[in-house]
Amino acid sequence: MGSKNKLKRFKENETFTNVFQPTREEVVSNSFALKGKWNADFFKNDNPIVLELGCGKGEYTIGLAESNPNINFVGIDVKGARFWRGAKTSVESGMAHVAFVRTQIELIDYVFAENEISEIWITFPDPQIKYKRTKHRMTNSEFLQLYKKILKPDGVMNLKTDSEFMHGYTLGLLHGEGHEVLYANHNVYKNEGAPEAVTSIQTFYEKQYLEINKAITYIRFKIK
């Protein structure tokens, strides 16, 4: 993407009422006004809140929101030029139950309060295969405990990925730490019984993976 396009998208993001781009200082100083008040002050309802972490273009956030008008959705990504597409689509479609936040995943407990989130989706994250990158894997032990902070007691996690490594690493970690695996499948499009939300929504890159018969894996679980 050219720098002019990026600048244009950054500017347009600033005009969207469903986009929040707090500074790091604002977040870590606990000055982000919506923390603990997403339902009351932004969504204006008591519906469950679902997050997509590393939402990219917001394709999954939008797809889930279209199918679930009585659930609130927030896409999180550090790159605003990416989620511009999802933000623009939701604004143009009048989807008042969708928002996007530009921030680092490591800071989400500053953006959301304890027990504020009902469900989290992680879709096609960088598997960070090299051992020295373990700390950056979005399903490592530290990240799971971070998610637990903001999830309701019965909150659910979802991991959808094309990486067999990420699938195996996460499944092994979940079993090893005693978390509750609700569903696990190493090829959701070749097996019956996969949740509709997993097979009915496909991202741009996912469609490319499927064209070359690359398996898409999925795990649904609860953090102990």
# chains A, B, ... in the order shown; residues from 1 in each chain; ligands from 1
>>> select_by_dssp(residues="range 35-88 of chain A", states="strand (DSSP E)", output="ChimeraX atom specification")
/A:49-53,72-77
>>> write_last_selection(atoms="N, CA and C atoms", output="tab-separated table (two decimals), in the first residue's frame")
chain	number	residue	atom	x	y	z
A	49	ILE	N	-19.95	-8.61	24.63
A	49	ILE	CA	-18.90	-8.00	23.80
A	49	ILE	C	-17.92	-9.08	23.37
A	50	VAL	N	-17.65	-9.14	22.07
A	50	VAL	CA	-16.72	-10.11	21.50
A	50	VAL	C	-15.56	-9.35	20.84
A	51	LEU	N	-14.33	-9.81	21.10
A	51	LEU	CA	-13.15	-9.18	20.52
A	51	LEU	C	-12.56	-10.04	19.41
A	52	GLU	N	-12.00	-9.38	18.39
A	52	GLU	CA	-11.12	-10.05	17.45
A	52	GLU	C	-9.75	-9.41	17.60
A	53	LEU	N	-8.78	-10.19	18.02
A	53	LEU	CA	-7.43	-9.68	18.25
A	53	LEU	C	-6.58	-9.85	16.99
A	72	ASN	N	-22.13	-7.29	20.51
A	72	ASN	CA	-21.22	-6.19	20.18
A	72	ASN	C	-19.85	-6.75	19.80
A	73	PHE	N	-19.21	-6.12	18.83
A	73	PHE	CA	-17.91	-6.61	18.36
A	73	PHE	C	-16.88	-5.48	18.33
A	74	VAL	N	-15.67	-5.81	18.77
A	74	VAL	CA	-14.56	-4.85	18.74
A	74	VAL	C	-13.35	-5.52	18.09
A	75	GLY	N	-12.86	-4.93	17.02
A	75	GLY	CA	-11.64	-5.42	16.36
A	75	GLY	C	-10.44	-4.65	16.90
A	76	ILE	N	-9.38	-5.38	17.22
A	76	ILE	CA	-8.16	-4.77	17.76
A	76	ILE	C	-6.99	-5.02	16.81
A	77	ASP	N	-6.29	-3.96	16.44
A	77	ASP	CA	-5.08	-4.12	15.63
A	77	ASP	C	-4.21	-2.89	15.84
>>> residues_around(residues="Thr170 in chain A", least_positions_apart="5", cutoff="10 Å", atoms="only C-alpha atoms", output="mmCIF file with N, CA and C atoms, in the first residue's frame")
data_model
loop_
_atom_site.group_PDB
_atom_site.id
_atom_site.type_symbol
_atom_site.label_atom_id
_atom_site.label_comp_id
_atom_site.auth_asym_id
_atom_site.auth_seq_id
_atom_site.Cartn_x
_atom_site.Cartn_y
_atom_site.Cartn_z
ATOM 1 N N ARG A 137 3.969 -15.242 20.526
ATOM 2 C CA ARG A 137 2.848 -16.083 20.073
ATOM 3 C C ARG A 137 1.598 -15.698 20.845
ATOM 4 N N MET A 138 0.531 -15.485 20.146
ATOM 5 C CA MET A 138 -0.672 -14.928 20.768
ATOM 6 C C MET A 138 -1.442 -15.910 21.644
ATOM 7 N N THR A 139 -0.968 -17.161 21.700
ATOM 8 C CA THR A 139 -1.610 -18.127 22.596
ATOM 9 C C THR A 139 -0.624 -18.666 23.634
ATOM 10 N N ASN A 140 0.458 -17.942 23.876
ATOM 11 C CA ASN A 140 1.384 -18.432 24.910
ATOM 12 C C ASN A 140 0.769 -18.219 26.300
ATOM 13 N N SER A 141 1.408 -18.766 27.313
ATOM 14 C CA SER A 141 0.847 -18.745 28.668
ATOM 15 C C SER A 141 0.564 -17.332 29.163
ATOM 16 N N LEU A 159 -9.439 -19.949 18.271
ATOM 17 C CA LEU A 159 -8.238 -19.797 17.445
ATOM 18 C C LEU A 159 -8.477 -20.463 16.098
ATOM 19 N N GLU A 164 -0.286 -25.318 10.979
ATOM 20 C CA GLU A 164 -0.310 -26.564 11.753
ATOM 21 C C GLU A 164 0.547 -26.414 13.007
ATOM 22 N N PHE A 165 1.624 -25.662 12.878
ATOM 23 C CA PHE A 165 2.497 -25.436 14.030
ATOM 24 C C PHE A 165 1.743 -24.710 15.148
ATOM 25 N N HIS A 175 -3.651 -28.445 26.820
ATOM 26 C CA HIS A 175 -3.725 -29.723 27.540
ATOM 27 C C HIS A 175 -2.723 -29.752 28.689
ATOM 28 N N GLY A 176 -1.521 -29.248 28.432
ATOM 29 C CA GLY A 176 -0.473 -29.266 29.455
ATOM 30 C C GLY A 176 -0.799 -28.414 30.663
ATOM 31 N N ILE A 219 -9.592 -24.201 17.136
ATOM 32 C CA ILE A 219 -9.708 -24.649 18.520
ATOM 33 C C ILE A 219 -10.623 -23.664 19.259
#
>>> select_by_dssp(residues="range 1-157 of chain A", states="alpha helix (DSSP H)", output="PyMOL selection string")
chain A and resi 3-13+24-28+59-67+80-92+108-111+141-150
>>> residues_around(residues="Asn70 in chain A", least_positions_apart="3", cutoff="9 Å", atoms="only C-alpha atoms", output="list in words")
Asn47, Pro48, Ala65 and His97 of chain A
>>> closest_residue(among="A:Leu146, A:Val198, A:Ile62, A:Val28", to="Thr89 in chain A", atoms="only C-alpha atoms")
A:Ile62
>>> residues_around(residues="Thr217 in chain A", least_positions_apart="2", cutoff="12 Å", atoms="only C-alpha atoms", output="JSON, numbers by chain")
{"A": [122, 123, 124, 158, 159, 160, 161, 162, 163, 164, 165, 166, 167, 168, 170, 171, 183, 184, 185, 186, 187, 188, 189, 190, 191, 194, 195, 198, 199, 206, 209, 210, 214, 215, 219, 220]}
>>> residues_around(residues="Pro22 in chain A", least_positions_apart="5", cutoff="12 Å", atoms="only C-alpha atoms", output="list in words")
Glu14, Val27, Val28, Ser29, Asn30, Ser31, Phe32, Ala33, Leu34, Lys35, Val78, Gly80, Phe100, Val101, Arg102, Thr103, Gln104, Leu107, Ile108, Tyr110 and Val111 of chain A
>>> closest_residue(among="A:Tyr131, A:Tyr205, A:Tyr169, A:Trp84", to="Lys8 in chain A", atoms="only C-alpha atoms")
A:Trp84
>>> residues_around(residues="Phe42 in chain A", least_positions_apart="5", cutoff="10 Å", atoms="only C-alpha atoms", output="list in words")
Thr17, Asn18, Leu34, Lys37, Ala96, His97, Val98 and Ala99 of chain A
>>> atom_distance(atom1="CA of Lys44 in chain A", atom2="CA of Ile105 in chain A")
24.7 Å
>>> atom_distance(atom1="CA of Lys222 in chain A", atom2="CA of Glu177 in chain A")
11.5 Å
>>> closest_residue(among="A:Glu116, A:Asp41, A:Asp126, A:Glu180", to="Cys55 in chain A", atoms="only C-alpha atoms")
A:Asp126
>>> residues_around(residues="Val156 in chain A", least_positions_apart="6", cutoff="9 Å", atoms="only C-alpha atoms", output="list of chain:residue names")
A:Ser118, A:Glu119, A:Ile120, A:Trp121, A:Arg220, A:Phe221, A:Lys222, A:Ile223
>>> closest_residue(among="A:Lys152, A:Gly54, A:Leu182, A:Phe16", to="Gly94 in chain A", atoms="only C-alpha atoms")
A:Phe16
>>> closest_residue(among="A:Thr134, A:Leu174, A:Val19, A:Glu106", to="Ser90 in chain A", atoms="only C-alpha atoms")
A:Val19
